[in-house]
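A.B. asks: The following file, target_9.cif, comprises mmCIF, C-alpha atoms:
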```
data_target
#
loop_
_atom_site.label_atom_id
_atom_site.label_comp_id
_atom_site.auth_asym_id
_atom_site.auth_seq_id
_atom_site.Cartn_x
_atom_site.Cartn_y
_atom_site.Cartn_z
CA MET A 1245 14.24 -17.92 -18.62
CA SER A 1246 17.05 -20.02 -17.29
CA THR A 1247 17.51 -20.36 -13.57
CA ASP A 1248 21.04 -19.09 -14.14
CA LEU A 1249 19.65 -15.66 -14.98
CA LEU A 1250 17.86 -15.34 -11.63
CA GLU A 1251 20.94 -16.66 -9.85
CA LYS A 1252 22.68 -13.53 -11.08
CA LEU A 1253 20.50 -11.60 -8.64
CA VAL A 1254 22.37 -13.43 -5.89
CA ASP A 1255 25.87 -12.50 -7.01
CA LYS A 1256 24.60 -9.09 -8.16
CA SER A 1257 25.86 -9.53 -11.72
CA LEU A 1258 22.25 -8.75 -12.70
CA THR A 1259 20.49 -5.78 -11.14
CA LYS A 1260 16.78 -5.61 -10.42
CA GLU A 1261 16.56 -2.76 -12.90
CA GLN A 1262 18.12 -4.90 -15.63
CA LEU A 1263 15.77 -7.78 -14.88
CA LEU A 1264 12.80 -5.40 -15.03
CA GLU A 1265 13.83 -4.25 -18.50
CA LYS A 1266 14.15 -7.86 -19.68
CA VAL A 1267 10.68 -8.69 -18.36
CA LYS A 1268 9.15 -5.58 -19.94
CA GLN A 1269 10.64 -6.61 -23.28
CA ASP A 1270 9.59 -10.25 -23.03
CA SER A 1271 6.35 -11.13 -21.21
CA LYS A 1272 7.21 -14.83 -21.44
CA LEU A 1273 9.61 -14.25 -18.56
CA ILE A 1274 6.84 -13.16 -16.20
CA PRO A 1275 5.65 -16.59 -14.95
CA GLU A 1276 9.09 -17.57 -13.67
CA VAL A 1277 9.69 -14.20 -12.05
CA VAL A 1278 6.29 -14.47 -10.34
CA ASN A 1279 6.95 -18.02 -9.12
CA SER A 1280 10.39 -16.97 -7.89
CA MET A 1281 8.79 -14.92 -5.13
CA ASN A 1282 8.67 -18.36 -3.48
CA SER A 1283 12.41 -18.93 -3.93
CA SER A 1284 14.38 -20.22 -0.95
CA LYS A 1285 17.02 -17.57 -1.70
CA ALA A 1286 16.27 -14.14 -0.26
CA ALA A 1287 18.03 -12.20 -3.03
CA ILE A 1288 15.88 -13.94 -5.63
CA ARG A 1289 12.49 -13.79 -3.90
CA TYR A 1290 12.84 -10.15 -2.80
CA GLY A 1291 14.55 -9.13 -6.04
CA CYS A 1292 11.73 -10.62 -8.09
CA GLY A 1293 9.18 -9.08 -5.74
CA LYS A 1294 10.71 -5.65 -6.29
CA VAL A 1295 10.71 -6.15 -10.07
CA LEU A 1296 7.04 -7.14 -9.95
CA MET A 1297 6.19 -4.12 -7.79
CA ASN A 1298 7.64 -1.86 -10.47
CA LEU A 1299 6.02 -3.81 -13.30
CA SER A 1300 2.62 -3.69 -11.57
CA GLU A 1301 2.88 0.08 -11.47
CA GLU A 1302 4.07 0.54 -15.04
CA GLN A 1303 2.22 -2.29 -16.81
CA PRO A 1304 -0.42 -3.65 -14.40
CA GLY A 1305 -2.31 -5.49 -17.12
CA LYS A 1306 0.57 -7.92 -17.53
CA LEU A 1307 0.33 -9.03 -13.91
CA TYR A 1308 -3.45 -9.00 -13.46
CA PRO A 1309 -3.72 -12.71 -14.43
CA TYR A 1310 -1.61 -13.46 -11.33
CA PHE A 1311 -3.83 -11.48 -8.93
CA ASP A 1312 -4.81 -14.58 -6.93
CA PHE A 1313 -1.17 -15.59 -6.55
CA PHE A 1314 -0.32 -12.26 -4.95
CA VAL A 1315 -3.28 -12.63 -2.60
CA GLU A 1316 -1.72 -15.92 -1.43
CA ILE A 1317 1.62 -14.17 -0.90
CA LEU A 1318 -0.08 -11.86 1.62
CA ASP A 1319 0.07 -14.82 4.01
CA SER A 1320 3.81 -15.34 3.54
CA LYS A 1321 5.96 -15.99 6.59
CA TYR A 1322 8.29 -13.34 5.18
CA ARG A 1323 7.04 -9.86 6.01
CA ILE A 1324 8.91 -8.26 3.11
CA LEU A 1325 6.99 -10.47 0.68
CA THR A 1326 3.75 -9.46 2.36
CA TRP A 1327 4.63 -5.79 1.92
CA GLN A 1328 5.55 -6.36 -1.72
CA ALA A 1329 2.31 -8.24 -2.38
CA MET A 1330 0.31 -5.45 -0.72
CA ALA A 1331 1.87 -2.89 -3.07
CA ILE A 1332 1.37 -5.07 -6.15
CA ILE A 1333 -2.28 -5.71 -5.35
CA ALA A 1334 -2.88 -1.99 -4.80
CA ASN A 1335 -1.39 -1.29 -8.24
CA LEU A 1336 -3.53 -3.99 -9.84
CA THR A 1337 -6.73 -2.31 -8.68
CA SER A 1338 -6.22 0.02 -11.66
CA VAL A 1339 -7.11 -2.85 -14.01
CA ASP A 1340 -9.39 -4.89 -11.75
CA LYS A 1341 -12.20 -5.46 -14.23
CA ASP A 1342 -13.39 -8.56 -12.35
CA LYS A 1343 -13.60 -6.73 -9.00
CA LYS A 1344 -11.29 -9.25 -7.38
CA PHE A 1345 -10.05 -6.72 -4.85
CA ASP A 1346 -13.59 -6.09 -3.65
CA LEU A 1347 -13.79 -9.77 -2.71
CA ILE A 1348 -10.56 -9.73 -0.69
CA PHE A 1349 -11.12 -6.31 0.90
CA ASN A 1350 -11.49 -7.68 4.42
CA LYS A 1351 -8.44 -9.91 4.09
CA TYR A 1352 -6.34 -7.01 2.81
CA TYR A 1353 -7.49 -4.50 5.41
CA ASN A 1354 -7.15 -6.93 8.27
CA PHE A 1355 -3.49 -5.89 8.19
CA ILE A 1356 -4.59 -2.65 9.88
CA ASN A 1357 -4.41 -4.72 13.07
CA ASP A 1358 -0.91 -6.05 12.42
CA GLU A 1359 1.64 -5.86 15.21
CA TYR A 1360 4.35 -4.40 12.97
CA MET A 1361 4.45 -0.69 12.19
CA VAL A 1362 5.82 -1.15 8.67
CA THR A 1363 2.95 -3.45 7.72
CA VAL A 1364 0.31 -0.99 8.93
CA ALA A 1365 2.14 1.95 7.36
CA ASN A 1366 2.30 0.12 4.02
CA LEU A 1367 -1.42 -0.57 4.19
CA VAL A 1368 -2.23 3.06 4.90
CA GLY A 1369 0.17 4.25 2.22
CA ASN A 1370 -1.35 1.99 -0.44
CA SER A 1371 -4.87 3.10 0.39
CA GLY A 1372 -4.76 6.37 -1.51
CA LYS A 1373 -4.09 4.49 -4.73
CA ILE A 1374 -6.82 1.96 -4.03
CA ALA A 1375 -9.31 4.74 -3.31
CA ARG A 1376 -8.47 6.37 -6.63
CA PHE A 1377 -9.16 3.22 -8.60
CA LYS A 1378 -11.97 1.94 -6.36
CA PRO A 1379 -14.06 5.01 -5.45
CA ASN A 1380 -16.96 2.74 -4.53
CA LEU A 1381 -14.88 1.47 -1.61
CA ILE A 1382 -13.96 4.89 -0.21
CA PRO A 1383 -16.41 4.72 2.74
CA MET A 1384 -14.99 1.33 3.77
CA ILE A 1385 -11.39 2.44 3.22
CA THR A 1386 -12.00 5.55 5.32
CA ASN A 1387 -13.43 3.45 8.15
CA GLN A 1388 -10.39 1.19 8.11
CA ILE A 1389 -7.82 3.98 8.11
CA LEU A 1390 -9.55 5.74 11.00
CA LYS A 1391 -8.83 2.63 13.05
CA VAL A 1392 -5.19 3.74 13.35
CA ASP A 1393 -6.39 6.11 16.08
CA GLY A 1394 -7.03 3.13 18.35
CA LEU A 1395 -4.14 0.83 17.50
CA LYS A 1396 -2.74 -1.17 20.36
CA THR A 1397 0.95 -0.73 21.08
CA THR A 1398 3.26 -3.72 20.64
CA PRO A 1399 7.04 -4.20 20.86
CA HIS A 1400 7.08 -3.43 17.11
CA LEU A 1401 4.44 -0.68 17.19
CA THR A 1402 5.22 1.94 19.83
CA ASN A 1403 3.41 5.19 20.50
CA GLU A 1404 5.93 6.95 18.28
CA CYS A 1405 5.21 4.39 15.56
CA LYS A 1406 1.53 5.24 15.91
CA ARG A 1407 2.38 8.89 15.32
CA VAL A 1408 4.26 7.95 12.15
CA ILE A 1409 1.24 5.97 10.96
CA ALA A 1410 -1.10 8.87 11.78
CA GLU A 1411 1.06 11.11 9.63
CA SER A 1412 0.79 8.63 6.76
CA ALA A 1413 -2.98 8.46 7.29
CA ILE A 1414 -3.32 12.23 6.87
CA THR A 1415 -1.32 12.08 3.64
CA THR A 1416 -3.61 9.32 2.38
CA PHE A 1417 -6.80 11.15 3.35
CA ASP A 1418 -5.52 14.22 1.55
CA ALA A 1419 -5.42 12.20 -1.68
CA PHE A 1420 -9.16 11.57 -1.74
CA PHE A 1421 -10.70 13.78 0.93
CA ASP A 1422 -12.95 15.53 -1.58
CA LYS A 1423 -14.66 12.18 -2.24
CA ILE A 1424 -15.30 11.36 1.44
CA GLU A 1425 -18.92 11.91 2.44
CA ASN A 1426 -18.56 11.94 6.23
CA LYS A 1427 -15.76 14.48 6.46
CA GLU A 1428 -16.32 15.35 10.12
CA ARG A 1429 -14.93 12.01 11.31
CA VAL A 1430 -11.72 12.66 9.41
CA PHE A 1431 -11.51 16.26 10.62
CA SER A 1432 -11.89 14.98 14.17
CA PHE A 1433 -9.05 12.50 13.68
CA VAL A 1434 -6.74 15.13 12.18
CA LYS A 1435 -7.52 17.70 14.88
CA LYS A 1436 -6.27 15.23 17.49
CA GLN A 1437 -2.86 15.34 15.85
CA VAL A 1438 -2.45 19.13 16.04
CA ASN A 1439 -1.01 18.89 19.55
CA SER A 1440 1.25 15.95 18.73
CA SER A 1441 4.78 15.82 20.13
CA ARG A 1442 5.93 14.76 16.65
CA LYS A 1443 6.64 18.03 14.87
CA SER A 1444 6.14 16.72 11.31
CA LEU A 1445 2.77 15.20 12.29
CA LYS A 1446 1.66 18.43 13.94
CA THR A 1447 2.65 20.40 10.83
CA LYS A 1448 0.93 17.98 8.46
CA ALA A 1449 -2.27 18.09 10.51
CA GLU A 1450 -2.29 21.89 10.51
CA LYS A 1451 -1.74 22.08 6.75
CA PHE A 1452 -4.50 19.54 6.12
CA LEU A 1453 -6.99 21.50 8.22
CA ASN A 1454 -6.01 24.82 6.66
CA LYS A 1455 -6.53 23.35 3.21
CA TRP A 1456 -9.68 21.32 3.63
CA GLU A 1457 -11.66 23.20 6.28
CA LYS A 1458 -11.62 26.31 4.10
CA LYS A 1459 -12.77 24.33 1.08
CA ASP A 1460 -15.42 22.54 3.11
CA ASN A 1461 -16.75 25.83 4.47
CA LEU A 1462 -16.96 27.26 0.95
CA VAL A 1463 -18.90 24.22 -0.21
CA ARG A 1464 -21.30 24.47 2.71
CA ALA A 1465 -21.74 28.21 2.12
CA GLY A 1466 -22.41 27.60 -1.56
#
```
Go ahead and express the file in the form of structure tokens.
C.D. replies:
Amino acid sequence: MSTDLLEKLVDKSLTKEQLLEKVKQDSKLIPEVVNSMNSSKAAIRYGCGKVLMNLSEEQPGKLYPYFDFFVEILDSKYRILTWQAMAIIANLTSVDKDKKFDLIFNKYYNFINDEYMVTVANLVGNSGKIARFKPNLIPMITNQILKVDGLKTTPHLTNECKRVIAESAITTFDAFFDKIENKERVFSFVKKQVNSSRKSLKTKAEKFLNKWEKKDNLVRAG
């Protein structure tokens, strides 16, 4: 790929969707797109990151050889790149035959303590997918997500932000709740949200409890 092609992301004569199609048609383009996440130009690094996010979801096997690179990007000084790398890595768990994610679990989930709401929300949001592809890690994933109940507020993570994250956590738990062994801890977390001042959180908590407490009672009765 010529550098001129990626430069077209800057002047918008090439869309991210068009670049994605080119990459899907020619895997030889992947190395340069991957390396361009380190570009000094924002349009190129974020544009390539977005393309790779989509590619990792549609054709994860093509990006699995670059797993370690994306782990390095987690430490980027650019938060958007960190968020993109988090999403890509979550998608790559679907083809993680070498259990690379298991080895970086602590590094990945350390972002639960990040001072920025969007970072924590991305982590929580990606967790449902990771749990699906890594059922062996569900107890650890559950423990990490439950930490959102005790997050410290920061200028970038207010109490309202915490409510948004709690809402995301309930959505994530809903995706794999049937595979959680210690359900009472999750029920306890969700019940705390029923009296929330955030209407959508309150509603989501109520729906979760109506759905899963009935099922759990039936299982216990059976």
A.B. asks: Do you have the atom CA of Leu1253 of chain A-atom CA of Asn1370 of chain A distance handy?
C.D. replies: 27.0 Å
A.B. asks: As a list of chain:residue names, please: the residues near Lys1443 of chain A (cut-off 12 Å, all atoms listed in the file, same-chain neighbours under 4 positions excluded).
C.D. replies: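 Close residues of Lys1443 of chain A: A:Glu1404, A:Arg1407, A:Val1408, A:Glu1411, A:Gln1437, A:Val1438, A:Asn1439, A:Thr1447, A:Lys1448, A:Ala1449, A:Glu1450.
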A.B. asks: Now that the selection is made, can you save its residues with C-alpha atoms as a PDB file, in the coordinates of the input?
C.D. replies:
```pdb
ATOM      1  CA  GLU A1404       5.930   6.950  18.280  1.00  0.00           C
ATOM      2  CA  ARG A1407       2.380   8.890  15.320  1.00  0.00           C
ATOM      3  CA  VAL A1408       4.260   7.950  12.150  1.00  0.00           C
ATOM      4  CA  GLU A1411       1.060  11.110   9.630  1.00  0.00           C
ATOM      5  CA  GLN A1437      -2.860  15.340  15.850  1.00  0.00           C
ATOM      6  CA  VAL A1438      -2.450  19.130  16.040  1.00  0.00           C
ATOM      7  CA  ASN A1439      -1.010  18.890  19.550  1.00  0.00           C
ATOM      8  CA  THR A1447       2.650  20.400  10.830  1.00  0.00           C
ATOM      9  CA  LYS A1448       0.930  17.980   8.460  1.00  0.00           C
ATOM     10  CA  ALA A1449      -2.270  18.090  10.510  1.00  0.00           C
ATOM     11  CA  GLU A1450      -2.290  21.890  10.510  1.00  0.00           C
TER      12      GLU A1450
END
```
A.B. asks: Run the PyMOL selection byres ((chain A and resi 1317-1324) around 10) mentally over the shown coordinates, then write out the matched residues as number ranges by chain, using the chain letters and numbers from the document.
C.D. replies: A: 1281-1282, 1286, 1289-1290, 1293-1294, 1312-1316, 1325-1330, 1333, 1351-1352, 1355, 1360, 1362-1363
A.B. asks: Return as a PyMOL selection string the set of residues that the PyMOL selection byres ((chain A and resi 1381) around 12) yields on the displayed structure.
C.D. replies: chain A and resi 1337+1343+1345-1347+1349-1350+1353+1371-1380+1382-1388+1420+1423-1425
A.B. asks: What is the atom CA of Ser1284 of chain A-atom CA of Glu1265 of chain A distance in Å, reported with one decimal?
C.D. replies: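 Computing the Euclidean distance for atom CA of Ser1284 of chain A and atom CA of Glu1265 of chain A yields 23.7 Å.
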A.B. asks: Can you list, as a list in words, every protein, DNA or RNA residue that comes within 12 Å of Lys1285 of chain A when you count only C-alpha atoms, leaving out same-chain residues fewer than 5 positions away?
C.D. replies: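 The residues that qualify are Leu1250, Glu1251, Lys1252, Leu1253, Val1254, Asp1255, Ser1280, Tyr1290, Gly1291, Cys1292 and Tyr1322 of chain A.
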A.B. asks: Please expand the PyMOL selection byres ((chain A and resi 1427) around 12) into the concrete residues it hits in this file, giving the result as a PyMOL selection string.
C.D. replies: chain A and resi 1382-1383+1386-1387+1390+1417-1418+1420-1426+1428-1434+1453+1456-1457+1459-1461
A.B. asks: Closest to Ile1409 of chain A among A:Ile1356, A:Ser1441, A:Asp1340, A:Asn1454, using all atoms listed in the file?
C.D. replies: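 Using all atoms listed in the file, the shortest distance to Ile1409 of chain A belongs to A:Ile1356.
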A.B. asks: Add whatever atoms are absent from segment 1354-1381 of chain A to reach N, CA and C atoms, and provide the output as a CSV table (one decimal), in the frame of the given file.
C.D. replies:
```csv
chain,number,residue,atom,x,y,z
A,1354,ASN,N,-7.4,-6.4,7.0
A,1354,ASN,CA,-7.2,-6.9,8.3
A,1354,ASN,C,-5.7,-6.6,8.8
A,1355,PHE,N,-4.9,-6.2,7.8
A,1355,PHE,CA,-3.5,-5.9,8.2
A,1355,PHE,C,-3.4,-4.6,9.0
A,1356,ILE,N,-4.6,-3.9,9.1
A,1356,ILE,CA,-4.6,-2.6,9.9
A,1356,ILE,C,-4.4,-3.0,11.3
A,1357,ASN,N,-4.6,-4.3,11.7
A,1357,ASN,CA,-4.4,-4.7,13.1
A,1357,ASN,C,-3.1,-5.4,13.3
A,1358,ASP,N,-2.2,-5.4,12.3
A,1358,ASP,CA,-0.9,-6.0,12.4
A,1358,ASP,C,0.0,-5.5,13.5
A,1359,GLU,N,0.8,-6.3,14.1
A,1359,GLU,CA,1.6,-5.9,15.2
A,1359,GLU,C,2.9,-5.1,14.8
A,1360,TYR,N,3.2,-5.1,13.5
A,1360,TYR,CA,4.4,-4.4,13.0
A,1360,TYR,C,4.0,-3.1,12.3
A,1361,MET,N,4.7,-2.0,12.7
A,1361,MET,CA,4.4,-0.7,12.2
A,1361,MET,C,4.6,-0.6,10.7
A,1362,VAL,N,5.6,-1.3,10.1
A,1362,VAL,CA,5.8,-1.2,8.7
A,1362,VAL,C,4.7,-1.7,7.9
A,1363,THR,N,4.1,-2.8,8.4
A,1363,THR,CA,3.0,-3.4,7.7
A,1363,THR,C,1.7,-2.5,7.7
A,1364,VAL,N,1.4,-1.9,8.8
A,1364,VAL,CA,0.3,-1.0,8.9
A,1364,VAL,C,0.6,0.2,8.1
A,1365,ALA,N,1.8,0.8,8.1
A,1365,ALA,CA,2.1,2.0,7.4
A,1365,ALA,C,2.0,1.7,5.9
A,1366,ASN,N,2.4,0.5,5.4
A,1366,ASN,CA,2.3,0.1,4.0
A,1366,ASN,C,0.8,0.1,3.6
A,1367,LEU,N,0.0,-0.5,4.5
A,1367,LEU,CA,-1.4,-0.6,4.2
A,1367,LEU,C,-2.0,0.8,4.0
A,1368,VAL,N,-1.7,1.7,4.9
A,1368,VAL,CA,-2.2,3.1,4.9
A,1368,VAL,C,-1.7,3.8,3.7
A,1369,GLY,N,-0.4,3.6,3.4
A,1369,GLY,CA,0.2,4.2,2.2
A,1369,GLY,C,-0.4,3.8,0.9
A,1370,ASN,N,-0.8,2.5,0.8
A,1370,ASN,CA,-1.4,2.0,-0.4
A,1370,ASN,C,-2.8,2.4,-0.6
A,1371,SER,N,-3.4,2.9,0.4
A,1371,SER,CA,-4.9,3.1,0.4
A,1371,SER,C,-5.3,4.3,-0.5
A,1372,GLY,N,-4.4,5.2,-0.6
A,1372,GLY,CA,-4.8,6.4,-1.5
A,1372,GLY,C,-4.9,5.9,-3.0
A,1373,LYS,N,-4.0,5.0,-3.4
A,1373,LYS,CA,-4.1,4.5,-4.7
A,1373,LYS,C,-5.3,3.6,-4.9
A,1374,ILE,N,-5.6,2.8,-3.9
A,1374,ILE,CA,-6.8,2.0,-4.0
A,1374,ILE,C,-8.1,2.8,-4.1
A,1375,ALA,N,-8.1,3.9,-3.3
A,1375,ALA,CA,-9.3,4.7,-3.3
A,1375,ALA,C,-9.5,5.4,-4.7
A,1376,ARG,N,-8.4,5.7,-5.3
A,1376,ARG,CA,-8.5,6.4,-6.6
A,1376,ARG,C,-9.1,5.4,-7.7
A,1377,PHE,N,-8.7,4.2,-7.6
A,1377,PHE,CA,-9.2,3.2,-8.6
A,1377,PHE,C,-10.5,2.5,-8.2
A,1378,LYS,N,-10.8,2.6,-6.9
A,1378,LYS,CA,-12.0,1.9,-6.4
A,1378,LYS,C,-12.8,2.9,-5.6
A,1379,PRO,N,-13.3,4.0,-6.2
A,1379,PRO,CA,-14.1,5.0,-5.4
A,1379,PRO,C,-15.3,4.5,-4.7
A,1380,ASN,N,-15.8,3.3,-5.2
A,1380,ASN,CA,-17.0,2.7,-4.5
A,1380,ASN,C,-16.6,2.2,-3.1
A,1381,LEU,N,-15.3,2.0,-2.9
A,1381,LEU,CA,-14.9,1.5,-1.6
A,1381,LEU,C,-14.4,2.5,-0.6
```
